[in-house]
Amino acid sequence: MMTYYSWLAMLSIRKTPILSLLMVLAISVGIASCLTIITIYSAISTNPLAHKNDEIAAIQLNAWGDEGGYFDNNGVPVLLTYKDAKALYESGVADQIALHFNGGLTYSRIGADIKSGVEETRLVTRDFFSIFDVELIQGQAWSEQDDRMGERVVVINESMIGRYALGENPIGNSLIIEGVAHTVVGVVSERWNLTPAVYDPQGRPFREPPKAYIPFFQVEQMRIPIWGNVASWRNEDVSSNQAFLNSEVVWIYAWAGFHSRNNKEDFDQFLRSYVQSQKAKGRFPLYQDHYFQSPEQWLTIFNVVTKDDRLLLVMAFSFLLVCLINSTVLLLAKFAKKAPEAGVRRALGASKFSIFVQHLTESMLISILGALLGFVFSWFGLVGVRQLYHDYNAVASISISTYLFAVLLALITGLISGLIPSFKVSRTAPALYLKAE
Amino acid sequence: MEFSPVFKSMLRRPTGPILIIMQLAITIAIVSNALSFIQQRLEFVNRDTGIQTEGLLKLWTQRDSSKDNMLESIRQDLEFLRSQAAVESAVIIHTVPMSSYGEIAGYSTSPSDSNIEVSSYSNAASTFSVTEGWRETLGIELIKGRDFNPNEYELFESGSGPSSSPIIISEHIAKNLFPNEDPIGKFLYIGHLMSFEIIGVMRNVMAHDPYWETPYQTVVYPKVEARSSLHYLVRVNDPNPDIVLADLTTKLRGYDKDRIVGDEKTMKQIIDDTYNGEYAMITLLSVVLFLLVCVNALGVVGLTSFSVQQRRRQIGIRRALGATRFAIVRYFAIENVMIVGMALSIGTIAAVLANMQLVSAYNLDPINWRFIPVSGLIVLCITLGAALVPVRRAAQASPVDAVTSY
């Protein structure tokens, strides 16, 4: 029966080509805008480390001394001082601990006429690679010894191989960073790109991944130009590196990884007693709380999904609603015209229900055609949006689940918009239309 | 004006009109909210920056901090830039307006006793450390007091900065910290370590973060720390600043191979990048509005063509009885106006409710009421326009055809 109804539907659509085209276009535009917005929204609102929500956490210590509280995020500093970060690392209580920040360092190669450049480098402790699932394709992260000593080693991003002519097997080659020779020990895949960048959502949550990683504790040997937030509530002289490291300036992200619940509780205990001991020394003057933030919570604190994104989502669905009603109106008009035919069918014995299903099929066929056209439009829509937002370097292409969602949307639209018109036409009294007129 | 017959005929077949009214009402709600948001964004990005954007360029250099001739090298770069034919003036600066590169310090009107400073954000100001020539380069206007004297500028090595200095504050700070008195000659302090004498007030200049709650809290300070990472702001008098920028960058790079020159941008590019999200939002909202208008127009065309065709007999009979073509068109126009009128009343309620939801759920700004009647008017024009074509065609039809054939 359904094939018959589908065939009837196609005939009917072809009989009023312009009206049908208008209906298909209206639905396609509605579905295209929804698809585009949903794809973008899901790309930016997805937590890429959701599977680790219970295993890793960002640490917030409230060393802030200003009564007004920290001026951003959730009112608590999102960064740590060097003294606190180092203490957390050296305690060894947490199973994994990653201290990191973003820097701009000068790179060059000996010999060859490779131009030197400034690259975005992340200074990290070695657990950064395991906590954030960084994908290495060659070599590995440096040893624990190298980690603590701030050894002159570097893990580079694949894209650096070409830029600095490091050859087929860059492991073991030397790269000059800030005038000092560093040995390449690992290569990170070019494809690794956390979107949004959970490790550093400040300002640019869709940033490109770091070009290279060097051991965090190199900060003890030289002053690294920090490309990130540096904040302080206290006026201190930080002109020398040593003074800077001893100060109350916050500039370091700290993340902990736990292999078990017990470990998390142990670490919590440790932080509590640590803060107490610091208070005894006169630090942490106003507060004594600390926080563990899961990746999910971290992204919320940094407002990665802005109100603008939500507004666009609302607009897209409202627009689809308008298209849906529009479709209903046009279907009503179209089916009213087909009332004579329906009358004849009823007179020949068709039940109200079969007339209803017949016209509902037509409505859904139009919706499906609209959805197919909508896919094409949404592809253009995504290209357009990528042009508009310079920052979205990895904005998704439409995923399978979004396609399925679009098909579902089309079917529901067809169903809902077709209900009233099909119902009306199924109730035509045959007698009216069997007369000569 | 035949309002009554139009209304009664709609009542007889209410489904169509009800749906159309709903559609137009939702459209009015969307359009009025979208227009309001677009206006808010436009106002936001068009705020006065306080500087002359045209012809202003930014270059950035990074030096090896271990070298001891850093001060010399920085000065030489500045001299080099100033010597270029295309350059009118150039300065070193530590905070670049609207760019997110910058520093904020907390200033208070009295020195604090302890080392803990009261630096609540409302007393904080974005600090522009500049060398001589900053006013011409940035195009900033001084409205009170004086500019710095040549001997008040200083380029100092890290760690040996002066503990006192003259300072110029923005209008906004002057109004807030010194509401009823002349700020000239008064002092500002950072903790108890640094004091600043206010020698001038400038017209509001935007801080490095235009999304800050108080973006006009800015101060200018003539002591520049020689850092490994520095920005130069350059004013050029050329119709193609992008070309000049590329040229200057290459020349600066070639002049001294020992440091990196990069991240060169025109001020216009910096502002566009900072406001990228806003422009994108404005564009997207406009696209949605445009599509909405199209969908509604197409819907009205389709519906009206059909509706007019259903009533061919009625139209034919009326024409045969002496109604003019204009009267026929008027009938449908009235029907249209009534529908839009009802849509407007429902749409206004819908717009207000939707806006209240958006304001509370997403912390957006409330709607500007003006846009509701504006949207109603837009919808009216679209529907009348769209309906006009099929209606006129129906009115042209000869009464004889309409009545006899079917």
# chains A, B, ... in the order shown; residues from 1 in each chain; ligands from 1

$ interface_residues --of "chain A" --to "chain B" --cutoff "8 Å" --atoms "only C-alpha atoms" --output "ChimeraX atom specification"
/A:19,22-23,26,29,65-69,71,106,116-118,178-179,225,233-235,237-240,307-308,310-312,315-316,318-319,322-323,325-330,332-334,385,388-390,437

$ closest_residue --among "B:Ala125, B:Ile199, B:Met206, B:Leu377" --to "B:Asn149" --atoms "only C-alpha atoms"
B:Ile199

$ residues_around --residues "B:Glu54" --least-positions-apart "5" --cutoff "10 Å" --atoms "only C-alpha atoms" --output "list of chain:residue names"
B:Leu138, B:Gly139, B:Arg235, B:Val236, B:Asn237, B:Asp238, B:Pro239, B:Pro241, B:Thr266, B:Met267, B:Lys268

$ write_last_selection --atoms "all heavy atoms" --output "compact mmCIF listing (two decimals), in the first residue's frame"
# COMPACT_ATOMS: atom_id res chain seq x y z
N LEU B 138 48.84 57.71 18.07
CA LEU B 138 47.55 57.06 18.33
C LEU B 138 46.37 57.96 17.99
O LEU B 138 45.25 57.49 17.86
CB LEU B 138 47.47 56.66 19.81
CG LEU B 138 48.29 55.43 20.14
CD1 LEU B 138 48.84 55.51 21.55
CD2 LEU B 138 47.44 54.19 20.00
N GLY B 139 46.61 59.25 17.89
CA GLY B 139 45.51 60.16 17.59
C GLY B 139 44.61 60.37 18.79
O GLY B 139 43.39 60.48 18.67
N ARG B 235 52.45 55.29 12.80
CA ARG B 235 51.42 55.96 12.01
C ARG B 235 52.00 56.22 10.62
O ARG B 235 53.08 56.77 10.49
CB ARG B 235 51.00 57.27 12.67
CG ARG B 235 50.05 58.09 11.80
CD ARG B 235 49.19 59.02 12.63
NE ARG B 235 48.33 58.27 13.51
CZ ARG B 235 47.19 57.72 13.15
NH1 ARG B 235 46.76 57.83 11.91
NH2 ARG B 235 46.46 57.04 14.02
N VAL B 236 51.26 55.79 9.62
CA VAL B 236 51.71 56.05 8.25
C VAL B 236 50.65 56.84 7.50
O VAL B 236 49.47 56.80 7.85
CB VAL B 236 51.97 54.72 7.47
CG1 VAL B 236 53.05 53.93 8.16
CG2 VAL B 236 50.72 53.91 7.36
N ASN B 237 51.13 57.56 6.49
CA ASN B 237 50.23 58.40 5.73
C ASN B 237 50.18 57.85 4.30
O ASN B 237 50.74 58.42 3.39
CB ASN B 237 50.77 59.84 5.74
CG ASN B 237 49.76 60.77 5.13
OD1 ASN B 237 48.68 60.36 4.75
ND2 ASN B 237 50.12 62.03 5.06
N ASP B 238 49.55 56.73 4.14
CA ASP B 238 49.56 56.07 2.84
C ASP B 238 48.20 55.45 2.59
O ASP B 238 47.61 54.89 3.51
CB ASP B 238 50.65 54.98 2.85
CG ASP B 238 50.96 54.48 1.45
OD1 ASP B 238 50.11 53.76 0.89
OD2 ASP B 238 52.03 54.81 0.96
N PRO B 239 47.69 55.55 1.36
CA PRO B 239 46.38 54.94 1.10
C PRO B 239 46.36 53.42 1.19
O PRO B 239 45.30 52.82 1.33
CB PRO B 239 46.07 55.40 -0.34
CG PRO B 239 47.38 55.80 -0.91
CD PRO B 239 48.23 56.27 0.21
N PRO B 241 47.82 50.98 3.65
CA PRO B 241 48.58 50.65 4.85
C PRO B 241 49.04 49.20 4.90
O PRO B 241 50.09 48.91 5.48
CB PRO B 241 47.62 50.96 6.00
CG PRO B 241 46.29 51.13 5.40
CD PRO B 241 46.46 51.44 3.97
N THR B 266 47.56 45.72 10.96
CA THR B 266 47.06 47.09 10.99
C THR B 266 46.07 47.16 12.15
O THR B 266 45.50 46.15 12.58
CB THR B 266 46.32 47.47 9.70
OG1 THR B 266 45.18 46.61 9.58
CG2 THR B 266 47.21 47.31 8.49
N MET B 267 45.86 48.38 12.67
CA MET B 267 44.94 48.53 13.78
C MET B 267 43.56 48.04 13.38
O MET B 267 42.84 47.44 14.17
CB MET B 267 44.88 50.02 14.17
CG MET B 267 44.25 50.25 15.53
SD MET B 267 45.30 49.56 16.80
CE MET B 267 44.11 49.10 18.00
N LYS B 268 43.21 48.29 12.14
CA LYS B 268 41.89 47.87 11.64
C LYS B 268 41.76 46.35 11.75
O LYS B 268 40.75 45.82 12.18
CB LYS B 268 41.72 48.32 10.20
CG LYS B 268 40.35 48.05 9.66
CD LYS B 268 40.08 48.85 8.41
CE LYS B 268 38.69 48.57 7.87
NZ LYS B 268 38.31 47.16 7.92

$ atom_distance --atom1 "atom CA of B:Val6" --atom2 "atom CA of B:Ile317"
16.1 Å

$ atom_distance --atom1 "atom CA of A:Val198" --atom2 "atom CA of A:Asp84"
21.5 Å

$ residues_around --residues "B:Arg75" --least-positions-apart "2" --cutoff "12 Å" --atoms "only C-alpha atoms" --output "ChimeraX atom specification"
/B:69-73,77-82,90-92,131,154-156,224-227,230,232

$ write_last_selection --atoms "C-alpha atoms" --output "compact mmCIF listing (two decimals), in the first residue's frame"
# COMPACT_ATOMS: atom_id res chain seq x y z
CA ASN B 69 72.47 45.50 24.37
CA MET B 70 68.69 45.16 24.55
CA LEU B 71 68.09 48.81 25.42
CA GLU B 72 70.26 49.96 22.53
CA SER B 73 68.66 47.56 20.11
CA ASP B 77 64.55 49.90 16.01
CA LEU B 78 62.50 52.93 16.97
CA GLU B 79 64.92 55.30 15.21
CA PHE B 80 64.92 53.06 12.16
CA LEU B 81 61.14 53.08 11.96
CA ARG B 82 61.01 56.85 12.37
CA ALA B 90 56.31 55.77 15.86
CA VAL B 91 56.30 54.77 19.53
CA ILE B 92 57.05 51.80 21.72
CA THR B 131 57.45 56.78 24.45
CA GLU B 154 62.14 57.01 30.13
CA LEU B 155 63.17 53.67 28.66
CA PHE B 156 64.46 51.65 31.58
CA VAL B 224 58.67 52.06 29.29
CA GLU B 225 60.37 48.89 30.53
CA ALA B 226 62.81 47.41 28.03
CA ARG B 227 61.42 43.90 27.59
CA LEU B 230 57.70 44.68 22.64
CA TYR B 232 55.78 49.29 18.13

$ residues_around --residues "B:Val244" --least-positions-apart "4" --cutoff "12 Å" --atoms "only C-alpha atoms" --output "ChimeraX atom specification"
/B:55-59,81,84-87,234-240,248-252,264-266

$ residues_around --residues "stretch 368-378 of chain A" --least-positions-apart "6" --cutoff "7 Å" --atoms "only C-alpha atoms" --output "number ranges by chain"
A: 24-25, 27-29, 31-33, 35-36, 406-407, 410-411
